[in-house]
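Structure file coords.cif (mmCIF, C-alpha atoms) is printed below.
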```
data_final
loop_
_atom_site.group_PDB
_atom_site.id
_atom_site.type_symbol
_atom_site.label_atom_id
_atom_site.label_comp_id
_atom_site.auth_asym_id
_atom_site.auth_seq_id
_atom_site.Cartn_x
_atom_site.Cartn_y
_atom_site.Cartn_z
ATOM 1 C CA TYR A 1 -12.303 -66.813 40.587
ATOM 2 C CA LEU A 2 -9.246 -65.148 39.046
ATOM 3 C CA ALA A 3 -11.268 -63.706 36.144
ATOM 4 C CA HIS A 4 -13.883 -62.380 38.574
ATOM 5 C CA SER A 5 -11.109 -60.805 40.665
ATOM 6 C CA TYR A 6 -9.658 -59.044 37.578
ATOM 7 C CA TYR A 7 -13.128 -57.874 36.623
ATOM 8 C CA THR A 8 -13.878 -56.338 40.031
ATOM 9 C CA ASN A 9 -10.430 -54.748 40.211
ATOM 10 C CA LEU A 10 -10.879 -53.081 36.808
ATOM 11 C CA LEU A 11 -14.311 -51.815 37.804
ATOM 12 C CA SER A 12 -12.881 -50.390 41.018
ATOM 13 C CA LEU A 13 -10.189 -48.622 38.964
ATOM 14 C CA PHE A 14 -12.929 -46.942 36.952
ATOM 15 C CA GLU A 15 -14.850 -46.213 40.171
ATOM 16 C CA VAL A 16 -17.885 -48.210 39.121
ATOM 17 C CA SER A 17 -20.139 -49.646 41.787
ATOM 18 C CA LEU A 18 -20.890 -53.310 41.720
ATOM 19 C CA GLY A 19 -24.636 -52.723 42.195
ATOM 20 C CA THR A 20 -25.534 -54.384 38.909
ATOM 21 C CA VAL A 21 -24.085 -57.852 38.468
ATOM 22 C CA TYR A 22 -23.365 -58.945 34.912
ATOM 23 C CA VAL A 23 -23.092 -62.655 34.361
ATOM 24 C CA ASN A 24 -22.437 -62.676 30.638
ATOM 25 C CA MET A 25 -18.748 -62.238 29.631
ATOM 26 C CA GLY A 26 -19.686 -59.982 26.687
ATOM 27 C CA ALA A 27 -21.590 -57.656 29.003
ATOM 28 C CA LYS A 28 -18.649 -57.523 31.381
ATOM 29 C CA LEU A 29 -16.215 -56.637 28.561
ATOM 30 C CA THR A 30 -18.612 -53.998 27.231
ATOM 31 C CA LEU A 31 -18.905 -52.441 30.689
ATOM 32 C CA ILE A 32 -15.117 -52.403 31.122
ATOM 33 C CA GLY A 33 -14.622 -50.946 27.615
ATOM 34 C CA PHE A 34 -17.187 -48.224 28.139
ATOM 35 C CA ASN A 35 -15.786 -47.277 31.526
ATOM 36 C CA PHE A 36 -12.243 -47.274 30.123
ATOM 37 C CA PHE A 37 -13.395 -44.763 27.492
ATOM 38 C CA VAL A 38 -15.004 -42.527 30.138
ATOM 39 C CA PHE A 39 -11.890 -42.804 32.326
ATOM 40 C CA MET A 40 -9.540 -41.863 29.452
ATOM 41 C CA PHE A 41 -11.767 -38.977 28.341
ATOM 42 C CA ALA A 42 -11.764 -37.541 31.862
ATOM 43 C CA ALA A 43 -7.984 -37.993 32.167
ATOM 44 C CA VAL A 44 -7.249 -36.271 28.838
ATOM 45 C CA TYR A 45 -9.687 -33.455 29.605
ATOM 46 C CA THR A 46 -8.093 -32.893 33.006
ATOM 47 C CA ALA A 47 -4.570 -32.920 31.542
ATOM 48 C CA ASN A 48 -5.472 -30.416 28.827
ATOM 49 C CA LEU A 49 -7.256 -28.163 31.293
ATOM 50 C CA ALA A 50 -4.253 -28.227 33.622
ATOM 51 C CA ALA A 51 -1.916 -27.392 30.726
ATOM 52 C CA ILE A 52 -4.064 -24.435 29.669
ATOM 53 C CA LEU A 53 -4.370 -23.075 33.196
ATOM 54 C CA ALA A 54 -0.672 -23.535 33.955
ATOM 55 C CA GLN A 55 0.436 -21.787 30.786
ATOM 56 C CA GLY A 56 2.065 -18.511 31.691
ATOM 57 C CA VAL A 57 1.540 -15.160 30.105
ATOM 58 C CA VAL A 58 4.157 -14.462 27.457
ATOM 59 C CA ASN A 59 6.446 -11.637 28.520
ATOM 60 C CA THR A 60 8.450 -9.915 25.822
ATOM 61 C CA ASP A 61 11.444 -7.658 26.211
ATOM 62 C CA VAL A 62 10.125 -5.324 23.519
ATOM 63 C CA SER A 63 6.508 -4.241 23.746
ATOM 64 C CA SER A 64 6.109 -1.622 21.014
ATOM 65 C CA LEU A 65 7.752 0.109 18.082
ATOM 66 C CA ASP A 66 7.910 3.313 20.122
ATOM 67 C CA GLN A 67 9.979 1.504 22.751
ATOM 68 C CA VAL A 68 12.401 0.352 20.040
ATOM 69 C CA ILE A 69 12.826 3.910 18.779
ATOM 70 C CA GLN A 70 13.015 5.486 22.241
ATOM 71 C CA ASN A 71 15.619 3.030 23.581
ATOM 72 C CA ASN A 72 17.627 3.014 20.344
ATOM 73 C CA TYR A 73 17.363 -0.775 20.094
ATOM 74 C CA ARG A 74 19.034 -2.590 17.206
ATOM 75 C CA ILE A 75 16.679 -4.040 14.592
ATOM 76 C CA CYS A 76 17.082 -7.059 12.340
ATOM 77 C CA ILE A 77 15.327 -6.550 9.028
ATOM 78 C CA VAL A 78 15.385 -7.782 5.454
ATOM 79 C CA ARG A 79 17.235 -5.179 3.367
ATOM 80 C CA ARG A 80 14.461 -4.685 0.815
ATOM 81 C CA ARG A 81 12.265 -3.321 3.626
ATOM 82 C CA THR A 82 14.749 -0.848 5.147
ATOM 83 C CA SER A 83 13.933 2.063 2.820
ATOM 84 C CA PHE A 84 10.223 1.635 3.444
ATOM 85 C CA ILE A 85 10.644 1.560 7.240
ATOM 86 C CA LEU A 86 12.902 4.627 7.154
ATOM 87 C CA SER A 87 10.375 6.546 5.043
ATOM 88 C CA LYS A 88 7.337 5.422 7.036
ATOM 89 C CA PHE A 89 8.943 5.929 10.460
ATOM 90 C CA PRO A 90 11.299 8.937 10.301
ATOM 91 C CA ASN A 91 12.408 8.444 13.928
ATOM 92 C CA PHE A 92 14.281 5.296 12.929
ATOM 93 C CA LYS A 93 17.945 5.692 12.093
ATOM 94 C CA GLU A 94 19.752 3.441 9.639
ATOM 95 C CA SER A 95 22.364 2.854 12.334
ATOM 96 C CA GLN A 96 19.715 0.900 14.301
ATOM 97 C CA PHE A 97 19.647 -1.845 11.654
ATOM 98 C CA VAL A 98 21.966 -4.792 12.228
ATOM 99 C CA VAL A 99 24.609 -5.119 9.536
ATOM 100 C CA ASP A 100 24.642 -8.228 7.354
ATOM 101 C CA PRO A 101 28.047 -9.859 7.930
ATOM 102 C CA ALA A 102 28.136 -10.992 4.294
ATOM 103 C CA ASP A 103 28.557 -7.481 2.869
ATOM 104 C CA GLY A 104 28.691 -5.043 5.803
ATOM 105 C CA LYS A 105 25.544 -3.114 4.855
ATOM 106 C CA ALA A 106 22.453 -2.460 6.964
ATOM 107 C CA GLY A 107 19.771 -5.129 6.690
ATOM 108 C CA PHE A 108 20.027 -8.739 5.579
ATOM 109 C CA PHE A 109 19.841 -9.482 1.871
ATOM 110 C CA ASP A 110 18.735 -12.624 0.064
ATOM 111 C CA GLN A 111 21.624 -14.781 -1.075
ATOM 112 C CA PRO A 112 21.352 -17.753 -3.438
ATOM 113 C CA ASN A 113 20.183 -20.737 -1.364
ATOM 114 C CA ASN A 114 20.299 -18.573 1.788
ATOM 115 C CA PRO A 115 17.192 -16.380 2.211
ATOM 116 C CA ALA A 116 17.360 -13.361 4.483
ATOM 117 C CA ALA A 117 14.281 -13.960 6.660
ATOM 118 C CA PRO A 118 15.597 -17.030 8.534
ATOM 119 C CA ARG A 119 18.902 -15.245 9.177
ATOM 120 C CA VAL A 120 16.994 -12.238 10.534
ATOM 121 C CA LEU A 121 15.164 -14.484 12.998
ATOM 122 C CA ASP A 122 18.377 -16.300 13.969
ATOM 123 C CA GLN A 123 20.065 -13.003 14.910
ATOM 124 C CA LEU A 124 17.215 -11.953 17.209
ATOM 125 C CA ASP A 125 18.511 -12.318 20.777
ATOM 126 C CA PHE A 126 17.648 -9.581 23.265
ATOM 127 C CA VAL A 127 20.180 -10.719 25.879
ATOM 128 C CA LYS A 128 23.158 -10.843 23.495
ATOM 129 C CA ALA A 129 22.128 -7.547 21.895
ATOM 130 C CA SER A 130 21.878 -5.902 25.334
ATOM 131 C CA ALA A 131 25.324 -7.260 26.200
ATOM 132 C CA GLY A 132 26.688 -5.212 23.307
ATOM 133 C CA ASP A 133 27.150 -7.815 20.569
ATOM 134 C CA PRO A 134 26.506 -5.796 17.369
ATOM 135 C CA THR A 135 25.641 -8.900 15.327
ATOM 136 C CA TYR A 136 22.459 -9.465 17.359
ATOM 137 C CA CYS A 137 19.320 -7.367 17.547
ATOM 138 C CA HIS A 138 16.778 -6.509 20.230
ATOM 139 C CA ALA A 139 13.812 -6.837 17.851
ATOM 140 C CA ALA A 140 13.126 -7.889 14.278
ATOM 141 C CA ILE A 141 10.786 -6.596 11.634
ATOM 142 C CA VAL A 142 9.709 -9.561 9.509
ATOM 143 C CA ALA A 143 6.673 -10.630 7.548
ATOM 144 C CA ASP A 144 4.177 -12.693 9.527
ATOM 145 C CA GLU A 145 4.461 -15.509 7.007
ATOM 146 C CA ASP A 146 8.243 -15.685 7.523
ATOM 147 C CA LEU A 147 7.790 -16.197 11.268
ATOM 148 C CA LEU A 148 5.029 -18.756 10.688
ATOM 149 C CA ALA A 149 7.151 -20.618 8.143
ATOM 150 C CA ALA A 150 10.048 -20.838 10.591
ATOM 151 C CA GLN A 151 7.813 -21.981 13.444
ATOM 152 C CA SER A 152 6.128 -24.593 11.244
ATOM 153 C CA ASN A 153 9.598 -26.111 10.842
ATOM 154 C CA SER A 154 10.093 -26.035 14.642
ATOM 155 C CA LEU A 155 12.501 -23.098 14.464
ATOM 156 C CA ASN A 156 12.337 -19.904 16.531
ATOM 157 C CA CYS A 157 9.310 -21.186 18.476
ATOM 158 C CA ASN A 158 10.166 -18.867 21.370
ATOM 159 C CA LEU A 159 9.474 -15.760 19.258
ATOM 160 C CA VAL A 160 6.135 -13.974 19.323
ATOM 161 C CA THR A 161 4.588 -11.191 17.285
ATOM 162 C CA VAL A 162 4.400 -7.880 19.131
ATOM 163 C CA GLY A 163 2.072 -5.131 17.996
ATOM 164 C CA ASN A 164 0.055 -4.728 14.847
ATOM 165 C CA THR A 165 1.106 -5.262 11.275
ATOM 166 C CA LEU A 166 3.124 -2.273 10.023
ATOM 167 C CA VAL A 167 2.055 -2.562 6.388
ATOM 168 C CA ASN A 168 0.114 -4.925 4.155
ATOM 169 C CA GLU A 169 1.703 -5.647 0.799
ATOM 170 C CA GLU A 170 -0.612 -6.586 -2.025
ATOM 171 C CA VAL A 171 1.017 -8.531 -4.781
ATOM 172 C CA GLY A 172 -0.688 -9.180 -8.087
ATOM 173 C CA ILE A 173 -0.188 -9.707 -11.758
ATOM 174 C CA PRO A 174 -1.073 -6.834 -14.116
ATOM 175 C CA ILE A 175 -3.731 -7.819 -16.636
ATOM 176 C CA HIS A 176 -4.440 -6.214 -20.000
ATOM 177 C CA GLU A 177 -7.587 -4.063 -19.613
ATOM 178 C CA PRO A 178 -9.740 -5.769 -22.309
ATOM 179 C CA LEU A 179 -9.106 -9.149 -20.622
ATOM 180 C CA SER A 180 -9.718 -8.000 -17.046
ATOM 181 C CA HIS A 181 -13.475 -8.745 -17.128
ATOM 182 C CA GLU A 182 -12.946 -12.377 -18.159
ATOM 183 C CA SER A 183 -10.413 -12.971 -15.405
ATOM 184 C CA GLY A 184 -12.602 -11.454 -12.671
ATOM 185 C CA SER A 185 -14.102 -14.794 -11.757
ATOM 186 C CA VAL A 186 -10.791 -16.515 -11.191
#
```

Any chance you could put this one into structure tokens?
Amino acid sequence: YLAHSYYTNLLSLFEVSLGTVYVNMGAKLTLIGFNFFVFMFAAVYTANLAAILAQGVVNTDVSSLDQVIQNNYRICIVRRRTSFILSKFPNFKESQFVVDPADGKAGFFDQPNNPAAPRVLDQLDFVKASAGDPTYCHAAIVADEDLLAAQSNSLNCNLVTVGNTLVNEEVGIPIHEPLSHESGSV
């Protein structure tokens, strides 16, 4: 009777009616296994749906490049990109770039065993920058792959990309003209 009691209790957990009576133990285990699968599928689906619906809209403190320029926000940037940004966007001032504490110049530069991009992302803190701390910035201009690389290592997961890509850099290897046809299929 104890086994039958466990069987009926498990079926009631899975909300299965006892209309069909299975006598064979294999059939009972198959019914419990199948209903367990259906129960778990419904539970996981419900949990994922609740997580998606409960997820809030991401609000950012900076919504556009124009807002950065207009409000004179400080920018964290890799130094090799500062001249390009200043030439492409003449409304930017070099004084808006956060100074690298290593050498006191605008923009962060790559050091041996200490790349600039992670340091740029680490100095991005809107609250501290608004409080007047000159070592922090309101926004950062970084390559998408630098942000993705940091987030793949579970760093800076609270940061989001705002706006469109400013520029696409194409990097390639120059090839001698007579050999260019042969390398076209690579």

Requested in this report: Pull out every residue that the PyMOL selection byres ((chain A and resi 154-169) around 9) matches in the shown coordinates and put them as a ChimeraX atom specification.
Outcome: /A:58,60,62-65,85,121-122,124,141,143-144,147,149-153,170-171

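Reported to one decimal place, the separation of CA of Cys137 (chain A) from CA of Gln123 (chain A) is 6.3 Å.
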
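Taking CA of Thr46 (chain A) and CA of Asn9 (chain A) as the two end points, the separation is 23.1 Å.
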
Query - Atom-to-atom span, CA of Phe92 (chain A) and CA of Lys105 (chain A), Å - result: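 CA of Lys105 (chain A) lies at a distance of 16.2 Å from CA of Phe92 (chain A).
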
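Residues in contact with region 89-91 of chain A at 9 Å, where all atoms listed in the file are counted and same-chain residues fewer than 3 positions away are skipped, are listed as Ile69, Gln70, Phe84, Ile85 and Leu86 of chain A.
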
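Near Gly104 (chain A), within a cut-off of 12 Å and counting all atoms listed in the file, sit the residues Arg79, Phe97, Val98, Val99, Phe109, Pro134 and Thr135 of chain A, with same-chain residues fewer than 5 positions away left out.
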
**Report entry** Chain and number of each residue from the PyMOL selection byres ((chain A and resi 73) around 9), as a PyMOL selection string
**Finding:** chain A and resi 67-72+74-75+96-97+129-130+137-139

How would region 64-90 of chain A look with N, CA and C atoms restored, written as a PDB file, in the frame of the given file?
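Once everything was written out, this is out32.pdb:
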```pdb
ATOM      1  N   SER A  64       6.682  -2.489  22.042  1.00  0.00           N
ATOM      2  CA  SER A  64       6.109  -1.622  21.014  1.00  0.00           C
ATOM      3  C   SER A  64       7.219  -1.049  20.134  1.00  0.00           C
ATOM      4  N   LEU A  65       6.806  -0.531  18.997  1.00  0.00           N
ATOM      5  CA  LEU A  65       7.752   0.109  18.082  1.00  0.00           C
ATOM      6  C   LEU A  65       8.290   1.402  18.692  1.00  0.00           C
ATOM      7  N   ASP A  66       7.460   2.090  19.453  1.00  0.00           N
ATOM      8  CA  ASP A  66       7.910   3.313  20.122  1.00  0.00           C
ATOM      9  C   ASP A  66       9.025   3.021  21.117  1.00  0.00           C
ATOM     10  N   GLN A  67       8.932   1.885  21.812  1.00  0.00           N
ATOM     11  CA  GLN A  67       9.979   1.504  22.751  1.00  0.00           C
ATOM     12  C   GLN A  67      11.290   1.232  22.012  1.00  0.00           C
ATOM     13  N   VAL A  68      11.203   0.627  20.847  1.00  0.00           N
ATOM     14  CA  VAL A  68      12.401   0.352  20.040  1.00  0.00           C
ATOM     15  C   VAL A  68      13.076   1.656  19.649  1.00  0.00           C
ATOM     16  N   ILE A  69      12.274   2.619  19.204  1.00  0.00           N
ATOM     17  CA  ILE A  69      12.826   3.910  18.779  1.00  0.00           C
ATOM     18  C   ILE A  69      13.381   4.671  19.976  1.00  0.00           C
ATOM     19  N   GLN A  70      12.618   4.713  21.055  1.00  0.00           N
ATOM     20  CA  GLN A  70      13.015   5.486  22.241  1.00  0.00           C
ATOM     21  C   GLN A  70      14.302   4.944  22.862  1.00  0.00           C
ATOM     22  N   ASN A  71      14.444   3.629  22.943  1.00  0.00           N
ATOM     23  CA  ASN A  71      15.619   3.030  23.581  1.00  0.00           C
ATOM     24  C   ASN A  71      16.776   2.773  22.617  1.00  0.00           C
ATOM     25  N   ASN A  72      16.581   3.173  21.361  1.00  0.00           N
ATOM     26  CA  ASN A  72      17.627   3.014  20.344  1.00  0.00           C
ATOM     27  C   ASN A  72      18.061   1.548  20.221  1.00  0.00           C
ATOM     28  N   TYR A  73      17.080   0.651  20.237  1.00  0.00           N
ATOM     29  CA  TYR A  73      17.363  -0.775  20.094  1.00  0.00           C
ATOM     30  C   TYR A  73      17.803  -1.089  18.660  1.00  0.00           C
ATOM     31  N   ARG A  74      18.623  -2.129  18.532  1.00  0.00           N
ATOM     32  CA  ARG A  74      19.034  -2.590  17.206  1.00  0.00           C
ATOM     33  C   ARG A  74      17.935  -3.468  16.613  1.00  0.00           C
ATOM     34  N   ILE A  75      17.743  -3.352  15.304  1.00  0.00           N
ATOM     35  CA  ILE A  75      16.679  -4.040  14.592  1.00  0.00           C
ATOM     36  C   ILE A  75      17.280  -4.949  13.529  1.00  0.00           C
ATOM     37  N   CYS A  76      16.766  -6.168  13.451  1.00  0.00           N
ATOM     38  CA  CYS A  76      17.082  -7.059  12.340  1.00  0.00           C
ATOM     39  C   CYS A  76      15.948  -6.924  11.328  1.00  0.00           C
ATOM     40  N   ILE A  77      16.328  -6.775  10.072  1.00  0.00           N
ATOM     41  CA  ILE A  77      15.327  -6.550   9.028  1.00  0.00           C
ATOM     42  C   ILE A  77      15.885  -7.038   7.698  1.00  0.00           C
ATOM     43  N   VAL A  78      14.999  -7.428   6.817  1.00  0.00           N
ATOM     44  CA  VAL A  78      15.385  -7.782   5.454  1.00  0.00           C
ATOM     45  C   VAL A  78      15.678  -6.481   4.722  1.00  0.00           C
ATOM     46  N   ARG A  79      16.773  -6.433   3.970  1.00  0.00           N
ATOM     47  CA  ARG A  79      17.235  -5.179   3.367  1.00  0.00           C
ATOM     48  C   ARG A  79      16.210  -4.521   2.462  1.00  0.00           C
ATOM     49  N   ARG A  80      15.427  -5.288   1.743  1.00  0.00           N
ATOM     50  CA  ARG A  80      14.461  -4.685   0.815  1.00  0.00           C
ATOM     51  C   ARG A  80      13.366  -3.904   1.544  1.00  0.00           C
ATOM     52  N   ARG A  81      13.280  -4.057   2.860  1.00  0.00           N
ATOM     53  CA  ARG A  81      12.265  -3.321   3.626  1.00  0.00           C
ATOM     54  C   ARG A  81      12.842  -2.116   4.375  1.00  0.00           C
ATOM     55  N   THR A  82      14.151  -1.939   4.365  1.00  0.00           N
ATOM     56  CA  THR A  82      14.749  -0.848   5.147  1.00  0.00           C
ATOM     57  C   THR A  82      14.314   0.519   4.647  1.00  0.00           C
ATOM     58  N   SER A  83      14.299   0.735   3.333  1.00  0.00           N
ATOM     59  CA  SER A  83      13.933   2.063   2.820  1.00  0.00           C
ATOM     60  C   SER A  83      12.476   2.384   3.144  1.00  0.00           C
ATOM     61  N   PHE A  84      11.623   1.393   3.099  1.00  0.00           N
ATOM     62  CA  PHE A  84      10.223   1.635   3.444  1.00  0.00           C
ATOM     63  C   PHE A  84      10.085   2.013   4.917  1.00  0.00           C
ATOM     64  N   ILE A  85      10.737   1.280   5.799  1.00  0.00           N
ATOM     65  CA  ILE A  85      10.644   1.560   7.240  1.00  0.00           C
ATOM     66  C   ILE A  85      11.201   2.952   7.542  1.00  0.00           C
ATOM     67  N   LEU A  86      12.317   3.302   6.919  1.00  0.00           N
ATOM     68  CA  LEU A  86      12.902   4.627   7.154  1.00  0.00           C
ATOM     69  C   LEU A  86      11.989   5.739   6.649  1.00  0.00           C
ATOM     70  N   SER A  87      11.278   5.506   5.554  1.00  0.00           N
ATOM     71  CA  SER A  87      10.375   6.546   5.043  1.00  0.00           C
ATOM     72  C   SER A  87       9.081   6.603   5.837  1.00  0.00           C
ATOM     73  N   LYS A  88       8.598   5.470   6.295  1.00  0.00           N
ATOM     74  CA  LYS A  88       7.337   5.422   7.036  1.00  0.00           C
ATOM     75  C   LYS A  88       7.508   5.881   8.485  1.00  0.00           C
ATOM     76  N   PHE A  89       8.662   5.572   9.066  1.00  0.00           N
ATOM     77  CA  PHE A  89       8.943   5.929  10.460  1.00  0.00           C
ATOM     78  C   PHE A  89      10.229   6.764  10.505  1.00  0.00           C
ATOM     79  N   PRO A  90      10.108   8.072  10.390  1.00  0.00           N
ATOM     80  CA  PRO A  90      11.299   8.937  10.301  1.00  0.00           C
ATOM     81  C   PRO A  90      12.147   8.946  11.572  1.00  0.00           C
TER      82      PRO A  90
END
```
